[in-house]
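The structure file input-v5.pdb is reproduced below (PDB, C-alpha atoms, pLDDT in the B column).
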```
ATOM      1  CA  MET G   4      80.869 215.180 102.175  1.00 50.00           C
ATOM      2  CA  PRO G   5      83.957 213.055 101.512  1.00 54.00           C
ATOM      3  CA  THR G   6      87.348 214.654 102.007  1.00 57.00           C
ATOM      4  CA  GLU G   7      89.931 214.343  99.298  1.00 61.00           C
ATOM      5  CA  LYS G   8      93.074 212.526 100.400  1.00 66.00           C
ATOM      6  CA  SER G   9      96.328 214.267  99.645  1.00 62.00           C
ATOM      7  CA  PRO G  10      98.691 212.303  97.388  1.00 65.00           C
ATOM      8  CA  PHE G  11     101.468 213.524  99.697  1.00 69.00           C
ATOM      9  CA  PRO G  12     100.217 212.982 103.262  1.00 71.00           C
ATOM     10  CA  TYR G  13     103.572 213.898 104.766  1.00 86.00           C
ATOM     11  CA  LYS G  14     104.074 217.096 102.777  1.00 87.00           C
ATOM     12  CA  GLU G  15     103.246 219.440 105.687  1.00 85.00           C
ATOM     13  CA  LYS G  16     105.387 217.432 108.114  1.00 90.00           C
ATOM     14  CA  LEU G  17     108.314 217.568 105.685  1.00 93.00           C
ATOM     15  CA  LYS G  18     107.896 221.346 105.282  1.00 93.00           C
ATOM     16  CA  LYS G  19     107.969 221.750 109.076  1.00 93.00           C
ATOM     17  CA  LEU G  20     111.048 219.540 109.377  1.00 95.00           C
ATOM     18  CA  LEU G  21     112.814 221.440 106.590  1.00 96.00           C
ATOM     19  CA  ALA G  22     111.972 224.778 108.221  1.00 96.00           C
ATOM     20  CA  LEU G  23     113.276 223.558 111.598  1.00 96.00           C
ATOM     21  CA  LEU G  24     116.498 222.205 110.062  1.00 97.00           C
ATOM     22  CA  ILE G  25     117.242 225.396 108.124  1.00 97.00           C
ATOM     23  CA  ALA G  26     116.252 227.820 110.875  1.00 97.00           C
ATOM     24  CA  SER G  27     118.240 225.938 113.503  1.00 97.00           C
ATOM     25  CA  GLY G  28     121.352 225.734 111.335  1.00 97.00           C
ATOM     26  CA  MET G  29     120.989 221.958 111.006  1.00 96.00           C
ATOM     27  CA  GLY G  30     120.483 221.652 114.759  1.00 95.00           C
ATOM     28  CA  VAL G  31     123.106 224.138 115.961  1.00 96.00           C
ATOM     29  CA  GLY G  32     120.287 226.251 117.431  1.00 95.00           C
ATOM     30  CA  TYR G  33     119.625 223.491 119.944  1.00 94.00           C
ATOM     31  CA  PHE G  34     123.080 223.957 121.493  1.00 93.00           C
ATOM     32  CA  PRO G  35     122.354 224.259 125.237  1.00 93.00           C
ATOM     33  CA  VAL G  36     124.505 227.349 125.875  1.00 93.00           C
ATOM     34  CA  ALA G  37     124.498 230.524 123.739  1.00 93.00           C
ATOM     35  CA  PRO G  38     122.854 229.097 120.591  1.00 95.00           C
ATOM     36  CA  GLY G  39     123.131 232.494 118.872  1.00 94.00           C
ATOM     37  CA  THR G  40     126.893 232.457 119.349  1.00 96.00           C
ATOM     38  CA  ALA G  41     126.998 228.899 118.014  1.00 97.00           C
ATOM     39  CA  GLY G  42     124.988 230.057 114.984  1.00 97.00           C
ATOM     40  CA  ALA G  43     127.410 232.925 114.357  1.00 97.00           C
ATOM     41  CA  LEU G  44     130.282 230.419 114.535  1.00 97.00           C
ATOM     42  CA  LEU G  45     128.522 228.287 111.924  1.00 97.00           C
ATOM     43  CA  GLY G  46     128.270 231.443 109.809  1.00 97.00           C
ATOM     44  CA  LEU G  47     132.048 231.809 110.140  1.00 96.00           C
ATOM     45  CA  VAL G  48     132.509 228.229 108.957  1.00 96.00           C
ATOM     46  CA  LEU G  49     130.415 228.999 105.855  1.00 96.00           C
ATOM     47  CA  VAL G  50     132.447 232.147 105.243  1.00 96.00           C
ATOM     48  CA  TRP G  51     135.654 230.114 105.567  1.00 94.00           C
ATOM     49  CA  ILE G  52     134.331 227.586 103.045  1.00 93.00           C
ATOM     50  CA  CYS G  53     133.670 230.474 100.602  1.00 91.00           C
ATOM     51  CA  ARG G  54     137.254 231.717 101.025  1.00 89.00           C
ATOM     52  CA  PRO G  55     138.670 230.264  97.782  1.00 90.00           C
ATOM     53  CA  PHE G  56     135.846 231.723  95.704  1.00 91.00           C
ATOM     54  CA  SER G  57     134.925 235.196  94.529  1.00 91.00           C
ATOM     55  CA  VAL G  58     133.298 237.606  96.977  1.00 94.00           C
ATOM     56  CA  PHE G  59     130.204 237.334  94.775  1.00 95.00           C
ATOM     57  CA  ILE G  60     129.694 233.745  95.978  1.00 95.00           C
ATOM     58  CA  LEU G  61     129.536 235.025  99.575  1.00 95.00           C
ATOM     59  CA  ILE G  62     127.107 237.775  98.526  1.00 97.00           C
ATOM     60  CA  PHE G  63     124.941 235.267  96.642  1.00 96.00           C
ATOM     61  CA  MET G  64     124.947 232.767  99.532  1.00 96.00           C
ATOM     62  CA  SER G  65     124.108 235.514 102.036  1.00 97.00           C
ATOM     63  CA  PHE G  66     121.181 236.707  99.924  1.00 97.00           C
ATOM     64  CA  ALA G  67     119.912 233.178  99.231  1.00 97.00           C
ATOM     65  CA  LEU G  68     120.087 232.260 102.927  1.00 97.00           C
ATOM     66  CA  LEU G  69     118.342 235.533 103.813  1.00 98.00           C
ATOM     67  CA  VAL G  70     115.397 234.685 101.545  1.00 98.00           C
ATOM     68  CA  ILE G  71     115.238 231.071 102.743  1.00 98.00           C
ATOM     69  CA  GLY G  72     115.769 232.265 106.323  1.00 97.00           C
ATOM     70  CA  ILE G  73     112.783 234.605 106.244  1.00 97.00           C
ATOM     71  CA  TRP G  74     110.557 231.645 105.376  1.00 97.00           C
ATOM     72  CA  SER G  75     112.178 229.106 107.709  1.00 97.00           C
ATOM     73  CA  ALA G  76     112.480 231.470 110.691  1.00 96.00           C
ATOM     74  CA  GLY G  77     108.840 232.518 110.336  1.00 95.00           C
ATOM     75  CA  LYS G  78     107.634 228.930 110.006  1.00 96.00           C
ATOM     76  CA  THR G  79     109.787 227.748 112.927  1.00 96.00           C
ATOM     77  CA  CYS G  80     108.567 230.535 115.204  1.00 93.00           C
ATOM     78  CA  GLN G  81     104.991 229.484 114.326  1.00 94.00           C
ATOM     79  CA  ILE G  82     105.788 225.843 115.067  1.00 94.00           C
ATOM     80  CA  LEU G  83     107.477 226.672 118.389  1.00 93.00           C
ATOM     81  CA  LYS G  84     104.856 229.343 119.187  1.00 90.00           C
ATOM     82  CA  ARG G  85     107.485 231.979 120.019  1.00 89.00           C
ATOM     83  CA  LYS G  86     108.151 235.377 118.421  1.00 85.00           C
ATOM     84  CA  ASP G  87     111.928 234.840 118.144  1.00 83.00           C
ATOM     85  CA  ALA G  88     112.754 231.328 119.288  1.00 89.00           C
ATOM     86  CA  SER G  89     116.312 230.864 120.551  1.00 91.00           C
ATOM     87  CA  GLN G  90     116.610 227.741 118.388  1.00 95.00           C
ATOM     88  CA  VAL G  91     116.427 229.947 115.278  1.00 96.00           C
ATOM     89  CA  VAL G  92     120.030 230.788 114.361  1.00 97.00           C
ATOM     90  CA  ILE G  93     119.767 231.261 110.583  1.00 98.00           C
ATOM     91  CA  ASP G  94     119.631 234.983 111.358  1.00 97.00           C
ATOM     92  CA  GLU G  95     123.007 234.858 113.121  1.00 97.00           C
ATOM     93  CA  ILE G  96     124.457 232.765 110.292  1.00 98.00           C
ATOM     94  CA  VAL G  97     123.397 235.315 107.670  1.00 98.00           C
ATOM     95  CA  GLY G  98     124.373 238.300 109.842  1.00 98.00           C
ATOM     96  CA  MET G  99     127.859 236.871 110.295  1.00 98.00           C
ATOM     97  CA  MET G 100     128.178 236.278 106.561  1.00 98.00           C
ATOM     98  CA  VAL G 101     127.103 239.862 105.802  1.00 98.00           C
ATOM     99  CA  THR G 102     129.684 241.130 108.296  1.00 98.00           C
ATOM    100  CA  MET G 103     132.473 239.447 106.357  1.00 98.00           C
ATOM    101  CA  ILE G 104     131.567 240.482 102.784  1.00 97.00           C
ATOM    102  CA  GLY G 105     134.598 242.162 101.204  1.00 96.00           C
ATOM    103  CA  ILE G 106     136.799 241.559 104.261  1.00 97.00           C
ATOM    104  CA  PRO G 107     140.035 239.528 104.085  1.00 95.00           C
ATOM    105  CA  LEU G 108     139.173 236.046 105.294  1.00 93.00           C
ATOM    106  CA  THR G 109     142.166 235.597 107.551  1.00 93.00           C
ATOM    107  CA  PRO G 110     141.959 234.248 111.105  1.00 93.00           C
ATOM    108  CA  TYR G 111     142.539 237.775 112.487  1.00 95.00           C
ATOM    109  CA  TRP G 112     139.706 239.392 110.507  1.00 96.00           C
ATOM    110  CA  LEU G 113     137.362 236.445 111.135  1.00 96.00           C
ATOM    111  CA  LEU G 114     137.881 236.796 114.889  1.00 96.00           C
ATOM    112  CA  VAL G 115     137.484 240.577 114.861  1.00 97.00           C
ATOM    113  CA  GLY G 116     134.426 240.290 112.603  1.00 98.00           C
ATOM    114  CA  PHE G 117     132.883 237.691 114.901  1.00 98.00           C
ATOM    115  CA  LEU G 118     133.367 239.855 117.998  1.00 98.00           C
ATOM    116  CA  ILE G 119     132.050 243.008 116.312  1.00 98.00           C
ATOM    117  CA  PHE G 120     129.030 241.205 114.851  1.00 98.00           C
ATOM    118  CA  ARG G 121     128.109 239.662 118.219  1.00 97.00           C
ATOM    119  CA  LEU G 122     128.419 243.097 119.868  1.00 97.00           C
ATOM    120  CA  PHE G 123     126.034 244.687 117.346  1.00 97.00           C
ATOM    121  CA  ASP G 124     123.736 241.659 117.513  1.00 95.00           C
ATOM    122  CA  ILE G 125     123.437 242.007 121.291  1.00 94.00           C
ATOM    123  CA  VAL G 126     123.256 245.833 121.457  1.00 95.00           C
ATOM    124  CA  LYS G 127     120.875 246.115 118.450  1.00 93.00           C
ATOM    125  CA  PRO G 128     121.466 249.727 117.379  1.00 93.00           C
ATOM    126  CA  SER G 129     118.633 251.351 115.453  1.00 93.00           C
ATOM    127  CA  PRO G 130     117.022 250.274 113.135  1.00 95.00           C
ATOM    128  CA  ALA G 131     117.943 246.712 114.244  1.00 92.00           C
ATOM    129  CA  LYS G 132     116.042 247.245 117.497  1.00 92.00           C
ATOM    130  CA  TYR G 133     112.968 248.363 115.530  1.00 93.00           C
ATOM    131  CA  PHE G 134     112.955 245.146 113.481  1.00 92.00           C
ATOM    132  CA  ASP G 135     113.559 243.068 116.602  1.00 89.00           C
ATOM    133  CA  GLU G 136     110.686 244.631 118.545  1.00 90.00           C
ATOM    134  CA  LYS G 137     108.134 245.793 115.963  1.00 91.00           C
ATOM    135  CA  VAL G 138     108.336 243.550 112.885  1.00 92.00           C
ATOM    136  CA  SER G 139     106.825 240.108 113.321  1.00 87.00           C
ATOM    137  CA  GLY G 140     107.516 236.872 111.513  1.00 92.00           C
ATOM    138  CA  GLY G 141     110.594 235.768 109.676  1.00 94.00           C
ATOM    139  CA  LEU G 142     111.370 239.235 108.331  1.00 95.00           C
ATOM    140  CA  GLY G 143     111.708 240.698 111.830  1.00 94.00           C
ATOM    141  CA  VAL G 144     113.783 237.744 113.028  1.00 95.00           C
ATOM    142  CA  MET G 145     116.188 238.012 110.099  1.00 96.00           C
ATOM    143  CA  MET G 146     116.534 241.750 109.586  1.00 96.00           C
ATOM    144  CA  ASP G 147     117.823 242.748 113.020  1.00 95.00           C
ATOM    145  CA  ASP G 148     120.804 240.439 112.468  1.00 97.00           C
ATOM    146  CA  VAL G 149     121.297 241.520 108.856  1.00 97.00           C
ATOM    147  CA  ILE G 150     121.442 245.125 110.078  1.00 97.00           C
ATOM    148  CA  ALA G 151     123.912 244.111 112.808  1.00 97.00           C
ATOM    149  CA  GLY G 152     125.946 242.460 110.030  1.00 98.00           C
ATOM    150  CA  ILE G 153     125.847 245.633 107.922  1.00 98.00           C
ATOM    151  CA  TYR G 154     127.058 247.687 110.893  1.00 98.00           C
ATOM    152  CA  GLY G 155     129.764 245.110 111.552  1.00 98.00           C
ATOM    153  CA  ASN G 156     130.850 245.235 107.932  1.00 98.00           C
ATOM    154  CA  ILE G 157     131.045 249.041 107.991  1.00 98.00           C
ATOM    155  CA  VAL G 158     133.262 248.949 111.095  1.00 98.00           C
ATOM    156  CA  LEU G 159     135.533 246.321 109.529  1.00 98.00           C
ATOM    157  CA  GLN G 160     135.761 248.296 106.276  1.00 97.00           C
ATOM    158  CA  LEU G 161     136.760 251.404 108.267  1.00 97.00           C
ATOM    159  CA  MET G 162     139.342 249.394 110.200  1.00 97.00           C
ATOM    160  CA  LEU G 163     140.789 248.075 106.930  1.00 95.00           C
ATOM    161  CA  ARG G 164     141.064 251.576 105.478  1.00 93.00           C
ATOM    162  CA  ALA G 165     142.640 252.931 108.645  1.00 94.00           C
ATOM    163  CA  GLN G 166     145.467 250.420 108.175  1.00 84.00           C
ATOM    164  CA  LEU G 167     146.452 251.936 104.806  1.00 57.00           C
TER     165      LEU G 167
END
```

Whole structure given in structure tokens:
Amino acid sequence: MPTEKSPFPYKEKLKKLLALLIASGMGVGYFPVAPGTAGALLGLVLVWICRPFSVFILIFMSFALLVIGIWSAGKTCQILKRKDASQVVIDEIVGMMVTMIGIPLTPYWLLVGFLIFRLFDIVKPSPAKYFDEKVSGGLGVMMDDVIAGIYGNIVLQLMLRAQL
């Protein structure tokens, strides 16, 4: 029985390459030391780029990267044959962006937000730990960092209000 040749023989290879590029933050995830920290720093750069625009742009970008990240993180973990490959940093990028939604984008708040997000990302308070340990695929990879970002955002919002 003859097999039908695909008109796009490189389609699957391109999908894998795209997934690896997105999930690794365009290669940042291959940084030899603390790739998650490097990914969070890339998230800060994206937040800084959004600074002149409405907060809704940051919300939209965070949501869009979350959706794309679920696919790319899942695909990359399949490719690398690891549950949560260290090269996948799209989760840290999105988590950092979520941390900074509605926060003044000044150097002070960016630094504090970065430190608080990394703390929550490492400690993984519930339900982040549940997603990290029990939910497989891209959803599990992404959601523990999104939850860390939500916790980080809550702490920053409380800090902002305490200043008033």

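One distance worth recording is that between CA of Ile96 in chain G and CA of Gly42 in chain G, which is 5.4 Å.
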
With distances taken over all atoms listed in the file, which residue among G:Gly140, G:Gly116, G:Pro12, G:Pro130 lies nearest Ile157 in chain G? G:Gly116

Considering only C-alpha atoms, state which residue in the set G:Phe59, G:Phe120, G:Tyr13, G:Phe134 is at the smallest distance from Val158 in chain G. G:Phe120

Quick one: residues within 12 Å of Gln81 in chain G, only C-alpha atoms, excluding same-chain residues fewer than 4 positions away - as a count of residues only? 16

Residue nearest Ile93 in chain G among G:Gly143, G:Gly32, G:Pro55, G:Gly152 (counting all atoms listed in the file):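 Closest to Ile93 in chain G, using all atoms listed in the file: G:Gly32.
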
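Closest approach to Thr102 in chain G among G:Leu21, G:Val126, G:Ala165, G:Leu61: G:Leu61, based on only C-alpha atoms.
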
Selected residue, from G:Lys137, G:Lys78, G:Lys18, G:Arg121, that lies nearest to Tyr154 in chain G when counting only C-alpha atoms: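 Among the listed residues, the smallest separation from Tyr154 in chain G belongs to G:Arg121.
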
Please tell me which residues are no farther than 8 Å from (128.4, 233.3, 114.2) in the file, counting all atoms listed in the file, and write them as an MDAnalysis selection string. chainID G and resid 39:47 95:96 98:99 117 120:121

Between CA of Leu163 in chain G and CA of Ile119 in chain G, what is the distance, to one decimal in Å? 13.8 Å

All file atoms of range 44-47 of chain G boxed axis-aligned, 6 Å per side, centre plus edges, as JSON:
```
{"center_x": 130.2, "center_y": 230.0, "center_z": 112.2, "size_x": 15.8, "size_y": 15.5, "size_z": 16.7}
```

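Nearest residue to Val115 in chain G among G:Gly155, G:Gly72, G:Pro35, G:Gly30 is G:Gly155, counting all atoms listed in the file.
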
Calculate how many Å separate CA of Asp147 in chain G from CA of Asp135 in chain G, rounding to one decimal. 5.6 Å

Distance query Lys127 in chain G at most 9 Å, all atoms listed in the file, self and fewer than 3 positions along chain excluded, as a compact mmCIF listing (two decimals) with C-alpha atoms, keeping the file's coordinate frame:
```txt
# COMPACT_ATOMS: atom_id res chain seq x y z
CA LEU G 122 128.42 243.10 119.87
CA PHE G 123 126.03 244.69 117.35
CA ASP G 124 123.74 241.66 117.51
CA PRO G 130 117.02 250.27 113.14
CA ALA G 131 117.94 246.71 114.24
CA LYS G 132 116.04 247.24 117.50
CA TYR G 133 112.97 248.36 115.53
CA ASP G 135 113.56 243.07 116.60
CA ASP G 147 117.82 242.75 113.02
CA ASP G 148 120.80 240.44 112.47
CA ILE G 150 121.44 245.12 110.08
CA ALA G 151 123.91 244.11 112.81
```
